[in-house]
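Colleague: This structure is in structure tokens; I'll ask about it shortly.
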Amino acid sequence: LFLNEASLIGKLNHPHIVDILDAVAEPDHSYVVMEYIAGKTLDAHADVTNLLPLGKVVEIVFKCIRALEYAFQHGVIHRDIKPANILLSSIGETKVSDFGASFQQRHGHETTQISAIGSPAYMSPEQVKEHALNHQTDIYSLGVVMYQLLAGRLPFQATNNFSLIYQIANVEPQPPSAYRPQIPAALDAIVKRAMAKDLARRYQAWEDFSLDLADV
């Protein structure tokens, strides 16, 4: 994971991605030097006690889409999108961080995927099944983040990982508006499509996701 992050030094230069400036591996310790963002992660707004206005949620998700689309254009899939890996700066800017779990796709090269990378609650159905992944796994995970920021809870509630994985693979969640009635149907529809279990029904491209948000 350290080498994955270190390999991205200077490669992802985007206003909504935390810059990776340097990486050092020494006998006693290794470290990554990153841009400092004064602020907090989206964990601070992931429950009903401190929800963000709907417009701000749309803005944050839109900026994450632009960042992850840019990363994908550079052959990078994040694979661990969750509120703890998205920063909201003190001036309200959005930054995606922690690309350690990512892998880079190179034309003509086989990619070795690391099993069970990611945070279970935000994993896509294909990720929990350990199927081949593409950028649509990040689209799904961002859909879960959007759901949580809108509803103040995760789409699936489980007492153990086995139950959680079953639900991710087989159960359709309630729409966010079931828990926050002022959420418009258009946002419910976007979350549903981003989190579609069938890849053919999920957003095929980041641009499609962003265009629907822009319409809202």
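In the structure tokens, the first chain shown is A, the next is B, and so on; residue numbers restart at 1 for each chain, and ligands run from 1 in the order shown.
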Near Leu211 (chain A), counting only C-alpha atoms, which residues have an atom at most 12 Å away, once you skip same-chain residues fewer than 3 positions from it, shown as a list in words?
Modeller: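 Within the cut-off, the hits are Val58, Val61, Phe62, Ile65, Arg66, Ile190, Tyr203, Ala205, Trp206, Glu207, Asp208, Ala214, Asp215 and Val216 of chain A.
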Colleague: So that I have them on file, write out the residues from the current selection with N, CA and C atoms, as a PDB file, in the first residue's frame.
Modeller:
ATOM      1  N   VAL A  58     -24.428  17.911  -2.819  1.00  0.00           N
ATOM      2  CA  VAL A  58     -24.321  17.810  -4.279  1.00  0.00           C
ATOM      3  C   VAL A  58     -22.996  18.401  -4.751  1.00  0.00           C
ATOM      4  N   VAL A  61     -20.043  15.970  -3.807  1.00  0.00           N
ATOM      5  CA  VAL A  61     -20.029  14.773  -4.643  1.00  0.00           C
ATOM      6  C   VAL A  61     -19.596  15.123  -6.061  1.00  0.00           C
ATOM      7  N   PHE A  62     -20.065  16.256  -6.572  1.00  0.00           N
ATOM      8  CA  PHE A  62     -19.675  16.690  -7.913  1.00  0.00           C
ATOM      9  C   PHE A  62     -18.158  16.864  -8.002  1.00  0.00           C
ATOM     10  N   ILE A  65     -16.425  13.551  -8.028  1.00  0.00           N
ATOM     11  CA  ILE A  65     -16.529  12.952  -9.361  1.00  0.00           C
ATOM     12  C   ILE A  65     -15.434  13.501 -10.267  1.00  0.00           C
ATOM     13  N   ARG A  66     -15.249  14.806 -10.261  1.00  0.00           N
ATOM     14  CA  ARG A  66     -14.223  15.403 -11.127  1.00  0.00           C
ATOM     15  C   ARG A  66     -12.839  14.872 -10.764  1.00  0.00           C
ATOM     16  N   ILE A 190     -30.385   9.399  -8.581  1.00  0.00           N
ATOM     17  CA  ILE A 190     -28.942   9.423  -8.837  1.00  0.00           C
ATOM     18  C   ILE A 190     -28.220   8.428  -7.939  1.00  0.00           C
ATOM     19  N   TYR A 203     -23.969   3.829 -13.485  1.00  0.00           N
ATOM     20  CA  TYR A 203     -23.347   4.807 -14.383  1.00  0.00           C
ATOM     21  C   TYR A 203     -22.156   4.165 -15.086  1.00  0.00           C
ATOM     22  N   ALA A 205     -20.034   5.913 -17.009  1.00  0.00           N
ATOM     23  CA  ALA A 205     -18.943   6.890 -17.064  1.00  0.00           C
ATOM     24  C   ALA A 205     -19.142   7.949 -15.993  1.00  0.00           C
ATOM     25  N   TRP A 206     -18.029   8.484 -15.507  1.00  0.00           N
ATOM     26  CA  TRP A 206     -18.089   9.547 -14.512  1.00  0.00           C
ATOM     27  C   TRP A 206     -18.862  10.745 -15.049  1.00  0.00           C
ATOM     28  N   GLU A 207     -18.718  11.015 -16.350  1.00  0.00           N
ATOM     29  CA  GLU A 207     -19.378  12.173 -16.942  1.00  0.00           C
ATOM     30  C   GLU A 207     -20.900  12.081 -16.810  1.00  0.00           C
ATOM     31  N   ASP A 208     -21.436  10.881 -16.989  1.00  0.00           N
ATOM     32  CA  ASP A 208     -22.891  10.706 -16.869  1.00  0.00           C
ATOM     33  C   ASP A 208     -23.358  11.032 -15.447  1.00  0.00           C
ATOM     34  N   ALA A 214     -25.373  17.874 -12.129  1.00  0.00           N
ATOM     35  CA  ALA A 214     -25.453  19.255 -12.620  1.00  0.00           C
ATOM     36  C   ALA A 214     -26.898  19.647 -12.907  1.00  0.00           C
ATOM     37  N   ASP A 215     -27.671  18.722 -13.432  1.00  0.00           N
ATOM     38  CA  ASP A 215     -29.092  18.979 -13.693  1.00  0.00           C
ATOM     39  C   ASP A 215     -29.840  19.283 -12.398  1.00  0.00           C
ATOM     40  N   VAL A 216     -29.530  18.529 -11.351  1.00  0.00           N
ATOM     41  CA  VAL A 216     -30.171  18.770 -10.049  1.00  0.00           C
ATOM     42  C   VAL A 216     -29.786  20.139  -9.502  1.00  0.00           C
TER      43      VAL A 216
END
Colleague: Excluding same-chain residues fewer than 6 positions from region 169-177 of chain A, what lies within 7 Å of it counting only C-alpha atoms, as a PyMOL selection string?
Modeller: chain A and resi 125+147+150-151+155-156+183+188
Colleague: Could you check how far CA of Leu87 (chain A) sits from CA of Ile20 (chain A), in Å to one decimal?
Modeller: 14.5 Å
Colleague: Quick one: everything within 10 Å of Ile139 (chain A), counting only C-alpha atoms, minus sequence neighbours fewer than 6 positions away in the same chain. Send it as a ChimeraX atom specification.
Modeller: /A:65,68-69,79,81,124,145,191,193-196,202-206,209
Colleague: Using only all heavy atoms, please write the residues we just selected to a file, as a compact mmCIF listing (two decimals), in the first residue's frame.
Modeller:
# COMPACT_ATOMS: atom_id res chain seq x y z
N ILE A 65 -16.43 13.55 -8.03
CA ILE A 65 -16.53 12.95 -9.36
C ILE A 65 -15.43 13.50 -10.27
O ILE A 65 -14.76 12.74 -10.97
CB ILE A 65 -17.92 13.23 -9.98
CG1 ILE A 65 -19.00 12.43 -9.25
CG2 ILE A 65 -17.93 12.90 -11.48
CD1 ILE A 65 -20.42 12.82 -9.64
N LEU A 68 -12.09 11.95 -9.23
CA LEU A 68 -11.95 10.53 -9.52
C LEU A 68 -11.96 10.27 -11.02
O LEU A 68 -11.32 9.32 -11.50
CB LEU A 68 -13.04 9.74 -8.81
CG LEU A 68 -12.90 9.76 -7.28
CD1 LEU A 68 -14.16 9.22 -6.61
CD2 LEU A 68 -11.68 8.97 -6.83
N GLU A 69 -12.66 11.10 -11.78
CA GLU A 69 -12.61 10.99 -13.24
C GLU A 69 -11.20 11.33 -13.73
O GLU A 69 -10.65 10.65 -14.60
CB GLU A 69 -13.63 11.93 -13.87
CG GLU A 69 -13.65 11.88 -15.39
CD GLU A 69 -14.68 12.82 -15.99
OE1 GLU A 69 -14.86 13.93 -15.45
OE2 GLU A 69 -15.29 12.44 -17.00
N ARG A 79 -10.49 2.65 -5.10
CA ARG A 79 -10.89 1.42 -4.42
C ARG A 79 -11.17 1.54 -2.92
O ARG A 79 -11.47 0.55 -2.27
CB ARG A 79 -9.87 0.28 -4.63
CG ARG A 79 -9.76 -0.18 -6.06
CD ARG A 79 -9.12 -1.55 -6.13
NE ARG A 79 -7.77 -1.55 -5.62
CZ ARG A 79 -7.07 -2.66 -5.40
NH1 ARG A 79 -7.61 -3.85 -5.63
NH2 ARG A 79 -5.84 -2.60 -4.94
N ILE A 81 -13.00 4.55 -1.46
CA ILE A 81 -13.73 5.81 -1.26
C ILE A 81 -14.68 5.65 -0.07
O ILE A 81 -15.50 4.74 -0.02
CB ILE A 81 -14.52 6.19 -2.53
CG1 ILE A 81 -13.55 6.53 -3.67
CG2 ILE A 81 -15.46 7.36 -2.26
CD1 ILE A 81 -12.68 7.74 -3.39
N SER A 124 -18.20 -2.16 -3.37
CA SER A 124 -19.17 -2.50 -4.40
C SER A 124 -19.47 -3.99 -4.36
O SER A 124 -18.69 -4.78 -3.82
CB SER A 124 -18.62 -2.12 -5.77
OG SER A 124 -17.47 -2.91 -6.07
N VAL A 145 -21.28 6.97 -0.23
CA VAL A 145 -20.93 8.19 0.50
C VAL A 145 -22.04 9.23 0.34
O VAL A 145 -22.46 9.87 1.32
CB VAL A 145 -19.58 8.75 0.02
CG1 VAL A 145 -19.32 10.14 0.61
CG2 VAL A 145 -18.44 7.80 0.39
N VAL A 191 -28.58 8.43 -6.65
CA VAL A 191 -27.96 7.49 -5.71
C VAL A 191 -28.27 6.05 -6.13
O VAL A 191 -27.38 5.18 -6.13
CB VAL A 191 -28.46 7.75 -4.27
CG1 VAL A 191 -27.99 6.65 -3.33
CG2 VAL A 191 -27.96 9.10 -3.77
N ARG A 193 -28.90 4.85 -9.09
CA ARG A 193 -28.14 4.45 -10.28
C ARG A 193 -26.66 4.28 -9.96
O ARG A 193 -26.01 3.35 -10.45
CB ARG A 193 -28.32 5.49 -11.39
CG ARG A 193 -27.70 5.05 -12.71
CD ARG A 193 -28.03 5.99 -13.84
NE ARG A 193 -27.34 5.58 -15.05
CZ ARG A 193 -27.26 6.31 -16.16
NH1 ARG A 193 -27.89 7.49 -16.22
NH2 ARG A 193 -26.58 5.88 -17.21
N ALA A 194 -26.10 5.16 -9.13
CA ALA A 194 -24.69 5.02 -8.75
C ALA A 194 -24.44 3.72 -8.00
O ALA A 194 -23.37 3.12 -8.11
CB ALA A 194 -24.26 6.22 -7.90
N MET A 195 -25.45 3.28 -7.22
CA MET A 195 -25.30 2.08 -6.40
C MET A 195 -25.92 0.83 -7.03
O MET A 195 -26.07 -0.19 -6.35
CB MET A 195 -25.93 2.31 -5.02
CG MET A 195 -25.18 3.29 -4.14
SD MET A 195 -26.01 3.45 -2.53
CE MET A 195 -25.95 1.75 -1.94
N ALA A 196 -26.27 0.89 -8.30
CA ALA A 196 -26.87 -0.27 -8.95
C ALA A 196 -25.93 -1.48 -8.87
O ALA A 196 -24.73 -1.36 -9.11
CB ALA A 196 -27.19 0.05 -10.40
N ARG A 202 -25.63 0.59 -13.65
CA ARG A 202 -24.86 1.63 -12.94
C ARG A 202 -24.32 2.63 -13.96
O ARG A 202 -24.21 2.32 -15.14
CB ARG A 202 -23.71 0.98 -12.16
CG ARG A 202 -23.08 1.89 -11.09
CD ARG A 202 -21.95 1.19 -10.37
NE ARG A 202 -22.36 -0.11 -9.81
CZ ARG A 202 -21.50 -1.02 -9.38
NH1 ARG A 202 -20.19 -0.81 -9.47
NH2 ARG A 202 -21.94 -2.17 -8.88
N TYR A 203 -23.97 3.83 -13.48
CA TYR A 203 -23.35 4.81 -14.38
C TYR A 203 -22.16 4.17 -15.09
O TYR A 203 -21.29 3.57 -14.44
CB TYR A 203 -22.88 6.04 -13.60
CG TYR A 203 -24.01 6.95 -13.18
CD1 TYR A 203 -24.37 7.08 -11.84
CD2 TYR A 203 -24.71 7.69 -14.13
CE1 TYR A 203 -25.40 7.93 -11.45
CE2 TYR A 203 -25.75 8.54 -13.74
CZ TYR A 203 -26.08 8.65 -12.41
OH TYR A 203 -27.12 9.48 -12.03
N GLN A 204 -22.11 4.29 -16.40
CA GLN A 204 -21.02 3.71 -17.18
C GLN A 204 -19.80 4.61 -17.17
O GLN A 204 -18.67 4.14 -17.31
CB GLN A 204 -21.47 3.49 -18.63
CG GLN A 204 -22.67 2.57 -18.77
CD GLN A 204 -22.37 1.14 -18.36
OE1 GLN A 204 -21.52 0.49 -18.96
NE2 GLN A 204 -23.04 0.67 -17.32
N ALA A 205 -20.03 5.91 -17.01
CA ALA A 205 -18.94 6.89 -17.06
C ALA A 205 -19.14 7.95 -15.99
O ALA A 205 -20.27 8.28 -15.63
CB ALA A 205 -18.89 7.55 -18.44
N TRP A 206 -18.03 8.48 -15.51
CA TRP A 206 -18.09 9.55 -14.51
C TRP A 206 -18.86 10.74 -15.05
O TRP A 206 -19.59 11.42 -14.31
CB TRP A 206 -16.68 9.97 -14.12
CG TRP A 206 -15.97 9.02 -13.22
CD1 TRP A 206 -14.90 8.23 -13.53
CD2 TRP A 206 -16.26 8.76 -11.84
NE1 TRP A 206 -14.51 7.50 -12.43
CE2 TRP A 206 -15.33 7.81 -11.38
CE3 TRP A 206 -17.23 9.24 -10.94
CZ2 TRP A 206 -15.34 7.32 -10.07
CZ3 TRP A 206 -17.24 8.76 -9.64
CH2 TRP A 206 -16.30 7.81 -9.22
N PHE A 209 -22.59 10.59 -14.47
CA PHE A 209 -22.87 10.86 -13.06
C PHE A 209 -22.87 12.37 -12.83
O PHE A 209 -23.81 12.94 -12.22
CB PHE A 209 -21.80 10.15 -12.22
CG PHE A 209 -22.08 10.00 -10.74
CD1 PHE A 209 -21.26 9.18 -9.97
CD2 PHE A 209 -23.13 10.66 -10.12
CE1 PHE A 209 -21.47 9.03 -8.61
CE2 PHE A 209 -23.35 10.52 -8.74
CZ PHE A 209 -22.53 9.70 -7.99
Colleague: Taking the DSSP assignment computed from this structure's backbone, write out as a count of residues only all residues of region 8-163 of chain A that belong to strand (DSSP E or B).
Modeller: 26
Colleague: Which one of A:Phe99, A:Tyr166, A:Tyr179, A:Phe72 sits closest to Asn134 (chain A) if you count only C-alpha atoms?
Modeller: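 Distance minimum relative to Asn134 (chain A) lands on A:Phe72.
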Colleague: Can you list, as a PyMOL selection string, every residue of region 1-211 of chain A that DSSP puts in helix (DSSP H, G or I)?
Modeller: chain A and resi 2-6+42-45+48-50+54-73+83-85+120-122+125-128+136-151+161-170+176-178+185-194+206-211
Colleague: Tell me which of A:Ser30, A:Thr94, A:Gln73, A:Asn4 sits closest to Lys56 (chain A), counting only C-alpha atoms.
Modeller: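 Closest candidate: A:Thr94.
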Colleague: So, with only C-alpha atoms as the atoms that count, which of A:Ala186, A:Asp138, A:Met34, A:Asp28 lies closest to Ile9 (chain A)?
Modeller: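 The shortest atom-to-atom distance to Ile9 (chain A) comes from A:Met34.
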Colleague: Which residue, A:Ala6, A:Leu12, A:Leu142, A:Ala132, has the smallest gap to Pro83 (chain A) when you use only C-alpha atoms?
Modeller: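 That would be A:Leu142, the residue with the smallest distance to Pro83 (chain A).
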Colleague: Pick from A:Gly39, A:Gly10, A:Gly92, A:Pro181: nearest to Lys63 (chain A), with only C-alpha atoms counted?
Modeller: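 Of the candidates, the smallest distance to Lys63 (chain A) is held by A:Gly92.
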Colleague: So, counting only C-alpha atoms, which residue among A:Ala38, A:Ala46, A:Leu213, A:Ala71 is closest to Leu8 (chain A)?
Modeller: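 Ranking A:Ala38, A:Ala46, A:Leu213, A:Ala71 by distance to Leu8 (chain A), first place goes to A:Ala71.
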Colleague: For a test of reading the model, state the distance in Å between CA of Ala200 (chain A) and CA of Leu133 (chain A), rounded to one decimal.
Modeller: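 Interatomic distance, CA of Ala200 (chain A) to CA of Leu133 (chain A): 13.8 Å.
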